[in-house]
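Report on the structure given below.
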Amino acid sequence: MAMFQNLSDRIQGVFKRLRGKGALTENDVSEAMREVRVALLEADVNFRVVKDLVARIKERAVGTEVLHSLTPGQQVIKIVNEELVALMGGTESKIAIASKPPTVIMLVGLQGAGKTTHAAKLVHHFKKQGKHPMLAACDIYRPAAVKQLCVLGEQVGVPVFSQEKAKPADIAAAALKQAASNGQDIVVIDTAGRLHINEELMDELGHIKDKVTPHEIIIVVDAMIGQDSVNVAEQFHQKLGLTGVILSKLDGDTRGGAALSVKAVTGCPIKFAGIGEKIEALEVFYPERMASRILGMGDVLTLIEKAEQAVDAEKARQLEEKIRKQELNLEDFLDQIAAVRNMGSFSSLLEMIPGVGNQLKDVTIDENQFNRAEAIIRSMTQEERQHPSIIKDSRKKRIAAGSGATVQDVGRLLKQYEDSKKMMKQMTQMPGLKADKFKDKAGKKKKAQKGKKKRKR
């Protein structure tokens, strides 16, 4: 993540030096902790949080079990990892689902933090889980706020409740009533914000809270404003009693202090992280995974989850069969490009692979290569996609003209395709590569879908 790049680089540099030492002295640990302290302060982590964190790490790191360990550098990294995880909340903080629907989630925050967008992201997240959410438009002040929410609701296929000339608290109460009668099990309330905290705003939010008794009151804060976002969360918490935080714009070039400070300062766990503009760009916040990313250990679990969401099990089985029979064509190439795109940017995926992201941090990855490859393939005829060997010079010229690429670009893509075929052929000859895993997964998915249909009947 761009957010933690500088902090990650600094801390990893410290640990690299520690790993290079055969044995550690107390002075080595003290020097390392001084550098960690500076790195955290530069990342805009709250100074009290830094002081306490470094003190805990140092106390554990100068113990006998570390200094006399066979791998003292690794032991210190393990301690720092555990303390970072604890600092950010320890474990995933789940949304409190009501025993009697609907579950009411009230989103609050300052103007411009991204409440409306994240309300839509949140209902999209619940919809993917099989829930039936609804949005309630309670921001009646910002121009076009209700219209924006309606557009986003339509985009994700979720109903939006709104009322003209009604008070926000009454709108929220009416939304709950309609949700209960229509079978919606989650209501996300989008409230109004202000440019700064004032009594009028807090009174209005207090009225909504009293009227609907939300199960969750979650603040959306902009990670780009650093420690100010933590201060805002603290003030909202004092007035409303927050239950969680959504950090928006975590994909931006921020220093990361908010993510590391907000739980310690406010006591409110981070529930989600906004990592882009798209509706899908919302991640459940896992402290242990975030700590791993900061320390350059990658995030394999998130990578696997993204892959499972992006790749259909049945298509994966069919693709493997094609690879085994050496029938891979450019249509399949196109499907793979789409799957990778659905998982996010290529550079963000590399960051999740242990060791790889750190080694390639100075390498610029041209994401436009995917666009170029897709345009070239889409400029081919069906026959050319399925039988690329027929593409000679005259066809290359036509494809280049149709895709806005050069003949050399078309040639490079075809060479990449041939190289990938050779690599796939070698992989199929490796022991342990079985198609059964895809068959099993696809079969289980089909059985689960059949079970759902039977239950509905």
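For the structure tokens, the naming scheme is as follows: chains receive sequential letters (A, B, ...) according to their order of presentation, residues are indexed from 1 within each chain, and ligands are indexed from 1 in presentation order.
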Would you pick out the contacts of Ile57 of chain A at 9 Å or less, using only C-alpha atoms, so that residues sharing its chain but fewer than 2 positions from it are not included, and give the list as an mmCIF file with C-alpha atoms, in the first residue's frame?
data_model
loop_
_atom_site.group_PDB
_atom_site.id
_atom_site.type_symbol
_atom_site.label_atom_id
_atom_site.label_comp_id
_atom_site.auth_asym_id
_atom_site.auth_seq_id
_atom_site.Cartn_x
_atom_site.Cartn_y
_atom_site.Cartn_z
ATOM 1 C CA MET A 33 14.034 1.327 18.634
ATOM 2 C CA ASP A 52 3.954 3.415 24.591
ATOM 3 C CA LEU A 53 4.488 1.108 21.607
ATOM 4 C CA VAL A 54 8.275 1.523 21.527
ATOM 5 C CA ALA A 55 8.485 1.047 25.304
ATOM 6 C CA GLU A 59 10.897 -4.209 27.174
ATOM 7 C CA ARG A 60 10.173 -7.495 25.393
ATOM 8 C CA ALA A 61 13.144 -7.262 22.997
ATOM 9 C CA VAL A 62 15.848 -6.913 25.654
ATOM 10 C CA VAL A 76 12.589 -8.746 17.396
ATOM 11 C CA ILE A 79 7.708 -8.918 18.700
ATOM 12 C CA VAL A 80 7.198 -5.769 16.578
ATOM 13 C CA GLU A 83 2.714 -5.280 19.041
#
- Task: Extract, using only C-alpha atoms, all DNA, RNA and protein residues at most 8 Å from segment 114-124 of chain A, discarding same-chain residues fewer than 6 positions from it, and format them as a PyMOL selection string.
- Result: chain A and resi 107-108+133-135+145+148-149+152-153+156+158+188-191+220-222+248+274+279-282
Selection above as a file: N, CA and C atoms, as a short mmCIF file (atom, residue, chain, number, x, y, z; two decimals), in the first residue's frame:
data_model
loop_
_atom_site.label_atom_id
_atom_site.label_comp_id
_atom_site.auth_asym_id
_atom_site.auth_seq_id
_atom_site.Cartn_x
_atom_site.Cartn_y
_atom_site.Cartn_z
N LEU A 107 -23.87 5.83 9.60
CA LEU A 107 -22.57 6.36 9.19
C LEU A 107 -22.50 7.85 9.49
N VAL A 108 -21.41 8.26 10.15
CA VAL A 108 -21.23 9.67 10.50
C VAL A 108 -19.85 10.13 10.04
N PRO A 133 -29.75 -5.51 1.99
CA PRO A 133 -29.62 -4.20 2.63
C PRO A 133 -30.46 -3.11 1.97
N MET A 134 -30.58 -1.99 2.68
CA MET A 134 -31.27 -0.81 2.16
C MET A 134 -30.51 0.43 2.62
N LEU A 135 -30.53 1.46 1.81
CA LEU A 135 -29.89 2.74 2.15
C LEU A 135 -30.95 3.74 2.58
N ALA A 145 -27.06 15.39 -2.56
CA ALA A 145 -26.61 14.24 -1.75
C ALA A 145 -27.57 13.07 -1.89
N GLN A 148 -27.22 11.58 -5.35
CA GLN A 148 -25.99 10.78 -5.43
C GLN A 148 -26.20 9.40 -4.83
N LEU A 149 -26.87 9.36 -3.67
CA LEU A 149 -27.10 8.08 -3.01
C LEU A 149 -28.03 7.20 -3.85
N LEU A 152 -26.03 5.71 -6.69
CA LEU A 152 -25.16 4.64 -6.20
C LEU A 152 -25.98 3.40 -5.82
N GLY A 153 -27.15 3.64 -5.23
CA GLY A 153 -28.03 2.52 -4.87
C GLY A 153 -28.47 1.73 -6.08
N VAL A 156 -25.61 -0.49 -7.41
CA VAL A 156 -25.36 -1.75 -6.69
C VAL A 156 -26.62 -2.62 -6.55
N VAL A 158 -29.52 -1.80 -4.87
CA VAL A 158 -30.05 -1.75 -3.49
C VAL A 158 -31.04 -0.59 -3.39
N VAL A 188 -28.48 0.94 6.16
CA VAL A 188 -27.32 1.82 6.33
C VAL A 188 -27.80 3.26 6.16
N ILE A 189 -27.63 4.05 7.22
CA ILE A 189 -28.11 5.44 7.24
C ILE A 189 -26.96 6.39 6.87
N ASP A 190 -27.15 7.12 5.78
CA ASP A 190 -26.18 8.12 5.35
C ASP A 190 -26.59 9.46 5.96
N THR A 191 -25.78 9.97 6.87
CA THR A 191 -26.13 11.21 7.57
C THR A 191 -25.37 12.41 6.98
N VAL A 220 -16.73 7.58 9.21
CA VAL A 220 -15.88 7.49 8.02
C VAL A 220 -14.89 8.64 8.11
N VAL A 221 -13.60 8.32 8.20
CA VAL A 221 -12.58 9.37 8.28
C VAL A 221 -11.60 9.25 7.13
N ASP A 222 -11.11 10.38 6.70
CA ASP A 222 -10.20 10.48 5.56
C ASP A 222 -8.77 10.25 6.03
N SER A 248 -11.11 5.87 4.93
CA SER A 248 -11.19 6.02 3.47
C SER A 248 -9.85 6.48 2.91
N GLY A 274 -11.25 1.78 2.97
CA GLY A 274 -11.57 2.14 1.59
C GLY A 274 -10.27 2.23 0.80
N ILE A 279 -16.92 0.82 -6.35
CA ILE A 279 -17.83 0.28 -5.32
C ILE A 279 -17.23 -0.94 -4.64
N GLU A 280 -16.46 -1.73 -5.39
CA GLU A 280 -15.86 -2.95 -4.83
C GLU A 280 -14.66 -2.66 -3.94
N ALA A 281 -14.18 -1.41 -3.97
CA ALA A 281 -12.92 -1.07 -3.29
C ALA A 281 -13.11 -0.84 -1.80
N LEU A 282 -13.57 -1.86 -1.11
CA LEU A 282 -13.73 -1.82 0.35
C LEU A 282 -13.24 -3.15 0.90
#
Write out as a PDB file with C-alpha atoms, in the first residue's frame each polymer residue whose atoms come within 9 Å of Val36 of chain A, counting only C-alpha atoms; drop sequence neighbours fewer than 2 positions from it.
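Result written to part_17.pdb:
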ATOM      1  CA  LEU A   7       7.192   3.670   7.049  1.00  0.00           C
ATOM      2  CA  ARG A  10      12.320   2.601   7.116  1.00  0.00           C
ATOM      3  CA  ILE A  11      11.310  -0.240   9.433  1.00  0.00           C
ATOM      4  CA  VAL A  14      16.179  -1.303  10.555  1.00  0.00           C
ATOM      5  CA  GLU A  31      19.435   2.011  18.548  1.00  0.00           C
ATOM      6  CA  ALA A  32      16.901   0.076  16.477  1.00  0.00           C
ATOM      7  CA  MET A  33      14.034   1.327  18.634  1.00  0.00           C
ATOM      8  CA  ARG A  34      15.195   4.938  18.216  1.00  0.00           C
ATOM      9  CA  VAL A  38      11.463   8.315  14.325  1.00  0.00           C
ATOM     10  CA  ALA A  39       9.881   6.288  11.504  1.00  0.00           C
ATOM     11  CA  LEU A  40       6.543   6.091  13.340  1.00  0.00           C
ATOM     12  CA  LEU A  41       6.526   9.806  14.192  1.00  0.00           C
ATOM     13  CA  VAL A  54       8.275   1.523  21.527  1.00  0.00           C
TER      14      VAL A  54
END
- State, in Å with one decimal place, the distance from atom CA of Ala400 of chain A to atom CA of Ile376 of chain A.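 Separating atom CA of Ala400 of chain A from atom CA of Ile376 of chain A is a distance of 6.8 Å.
Atom CA of Glu92 of chain A sits 5.0 Å away from atom CA of Tyr286 of chain A.
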- Going by DSSP on the backbone, which bits of segment 134-314 of chain A are strand (DSSP E or B)? Write them as a ChimeraX atom specification, please. /A:134-138,160-161,186-191,216-222,244-248,270-274,282-284
Export N, CA and C atoms of the chosen residues as an mmCIF file, in the first residue's frame?
data_model
loop_
_atom_site.group_PDB
_atom_site.id
_atom_site.type_symbol
_atom_site.label_atom_id
_atom_site.label_comp_id
_atom_site.auth_asym_id
_atom_site.auth_seq_id
_atom_site.Cartn_x
_atom_site.Cartn_y
_atom_site.Cartn_z
ATOM 1 N N MET A 134 -30.577 -1.991 2.680
ATOM 2 C CA MET A 134 -31.269 -0.812 2.161
ATOM 3 C C MET A 134 -30.506 0.426 2.615
ATOM 4 N N LEU A 135 -30.526 1.462 1.808
ATOM 5 C CA LEU A 135 -29.889 2.740 2.154
ATOM 6 C C LEU A 135 -30.952 3.739 2.578
ATOM 7 N N ALA A 136 -30.624 4.561 3.569
ATOM 8 C CA ALA A 136 -31.527 5.631 4.013
ATOM 9 C C ALA A 136 -30.833 6.970 3.814
ATOM 10 N N ALA A 137 -31.443 7.856 3.014
ATOM 11 C CA ALA A 137 -30.843 9.152 2.674
ATOM 12 C C ALA A 137 -31.245 10.209 3.702
ATOM 13 N N CYS A 138 -30.364 10.431 4.680
ATOM 14 C CA CYS A 138 -30.658 11.398 5.743
ATOM 15 C C CYS A 138 -29.794 12.653 5.662
ATOM 16 N N VAL A 160 -33.140 2.632 -2.079
ATOM 17 C CA VAL A 160 -32.775 3.821 -1.291
ATOM 18 C C VAL A 160 -34.054 4.483 -0.789
ATOM 19 N N PHE A 161 -34.134 4.685 0.523
ATOM 20 C CA PHE A 161 -35.313 5.336 1.102
ATOM 21 C C PHE A 161 -35.023 6.813 1.299
ATOM 22 N N ILE A 186 -30.727 -5.225 6.638
ATOM 23 C CA ILE A 186 -29.727 -4.232 7.056
ATOM 24 C C ILE A 186 -30.109 -2.868 6.500
ATOM 25 N N VAL A 187 -30.056 -1.848 7.343
ATOM 26 C CA VAL A 187 -30.298 -0.470 6.904
ATOM 27 C C VAL A 187 -29.049 0.355 7.200
ATOM 28 N N VAL A 188 -28.483 0.943 6.160
ATOM 29 C CA VAL A 188 -27.319 1.821 6.326
ATOM 30 C C VAL A 188 -27.799 3.257 6.163
ATOM 31 N N ILE A 189 -27.631 4.052 7.223
ATOM 32 C CA ILE A 189 -28.107 5.441 7.236
ATOM 33 C C ILE A 189 -26.965 6.386 6.868
ATOM 34 N N ASP A 190 -27.151 7.115 5.784
ATOM 35 C CA ASP A 190 -26.179 8.124 5.351
ATOM 36 C C ASP A 190 -26.587 9.461 5.956
ATOM 37 N N THR A 191 -25.778 9.972 6.875
ATOM 38 C CA THR A 191 -26.125 11.212 7.574
ATOM 39 C C THR A 191 -25.371 12.406 6.985
ATOM 40 N N GLU A 216 -24.832 -0.161 15.176
ATOM 41 C CA GLU A 216 -23.469 0.296 14.905
ATOM 42 C C GLU A 216 -23.502 1.783 14.554
ATOM 43 N N ILE A 217 -22.588 2.556 15.155
ATOM 44 C CA ILE A 217 -22.372 3.947 14.741
ATOM 45 C C ILE A 217 -20.924 4.019 14.276
ATOM 46 N N ILE A 218 -20.753 4.110 12.964
ATOM 47 C CA ILE A 218 -19.417 4.032 12.372
ATOM 48 C C ILE A 218 -19.042 5.364 11.737
ATOM 49 N N ILE A 219 -17.879 5.860 12.070
ATOM 50 C CA ILE A 219 -17.398 7.101 11.479
ATOM 51 C C ILE A 219 -16.520 6.803 10.267
ATOM 52 N N VAL A 220 -16.733 7.579 9.210
ATOM 53 C CA VAL A 220 -15.882 7.494 8.024
ATOM 54 C C VAL A 220 -14.887 8.645 8.111
ATOM 55 N N VAL A 221 -13.601 8.318 8.196
ATOM 56 C CA VAL A 221 -12.575 9.370 8.284
ATOM 57 C C VAL A 221 -11.597 9.247 7.129
ATOM 58 N N ASP A 222 -11.115 10.380 6.700
ATOM 59 C CA ASP A 222 -10.204 10.478 5.563
ATOM 60 C C ASP A 222 -8.774 10.249 6.031
ATOM 61 N N GLY A 244 -17.164 1.887 15.688
ATOM 62 C CA GLY A 244 -16.141 1.498 14.725
ATOM 63 C C GLY A 244 -15.759 2.625 13.783
ATOM 64 N N VAL A 245 -14.763 2.340 12.953
ATOM 65 C CA VAL A 245 -14.198 3.330 12.034
ATOM 66 C C VAL A 245 -14.051 2.707 10.647
ATOM 67 N N ILE A 246 -14.359 3.509 9.621
ATOM 68 C CA ILE A 246 -13.984 3.168 8.244
ATOM 69 C C ILE A 246 -12.943 4.194 7.820
ATOM 70 N N LEU A 247 -11.760 3.723 7.459
ATOM 71 C CA LEU A 247 -10.713 4.625 6.970
ATOM 72 C C LEU A 247 -10.803 4.684 5.448
ATOM 73 N N SER A 248 -11.110 5.873 4.927
ATOM 74 C CA SER A 248 -11.193 6.021 3.471
ATOM 75 C C SER A 248 -9.853 6.481 2.907
ATOM 76 N N ILE A 270 -11.009 -0.325 13.798
ATOM 77 C CA ILE A 270 -11.202 -0.076 12.370
ATOM 78 C C ILE A 270 -11.932 -1.291 11.805
ATOM 79 N N LYS A 271 -13.078 -1.058 11.194
ATOM 80 C CA LYS A 271 -13.876 -2.179 10.664
ATOM 81 C C LYS A 271 -13.613 -2.407 9.178
ATOM 82 N N PHE A 272 -13.453 -1.307 8.439
ATOM 83 C CA PHE A 272 -13.223 -1.429 7.001
ATOM 84 C C PHE A 272 -12.203 -0.396 6.540
ATOM 85 N N ALA A 273 -11.611 -0.673 5.389
ATOM 86 C CA ALA A 273 -10.670 0.264 4.762
ATOM 87 C C ALA A 273 -11.104 0.504 3.331
ATOM 88 N N GLY A 274 -11.255 1.778 2.968
ATOM 89 C CA GLY A 274 -11.569 2.141 1.591
ATOM 90 C C GLY A 274 -10.274 2.227 0.800
ATOM 91 N N LEU A 282 -13.571 -1.864 -1.106
ATOM 92 C CA LEU A 282 -13.729 -1.817 0.349
ATOM 93 C C LEU A 282 -13.237 -3.145 0.904
ATOM 94 N N GLU A 283 -12.318 -3.081 1.860
ATOM 95 C CA GLU A 283 -11.773 -4.302 2.452
ATOM 96 C C GLU A 283 -12.106 -4.363 3.935
ATOM 97 N N VAL A 284 -12.413 -5.564 4.402
ATOM 98 C CA VAL A 284 -12.495 -5.776 5.856
ATOM 99 C C VAL A 284 -11.093 -5.528 6.413
#
- Message: Measuring between only C-alpha atoms, which one of A:Ala223, A:Ile105, A:Arg293, A:Glu234 shows the shortest distance to Lys209 of chain A?
- Response: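 Smallest separation from Lys209 of chain A among the options: A:Ile105.
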- Check the DSSP output for the backbone and give back, as an MDAnalysis selection string, the residues of segment 41-190 of chain A in helix (DSSP H, G or I). chainID A and resid 41:42 47:61 64:67 72:87 115:128 145:156 168:182
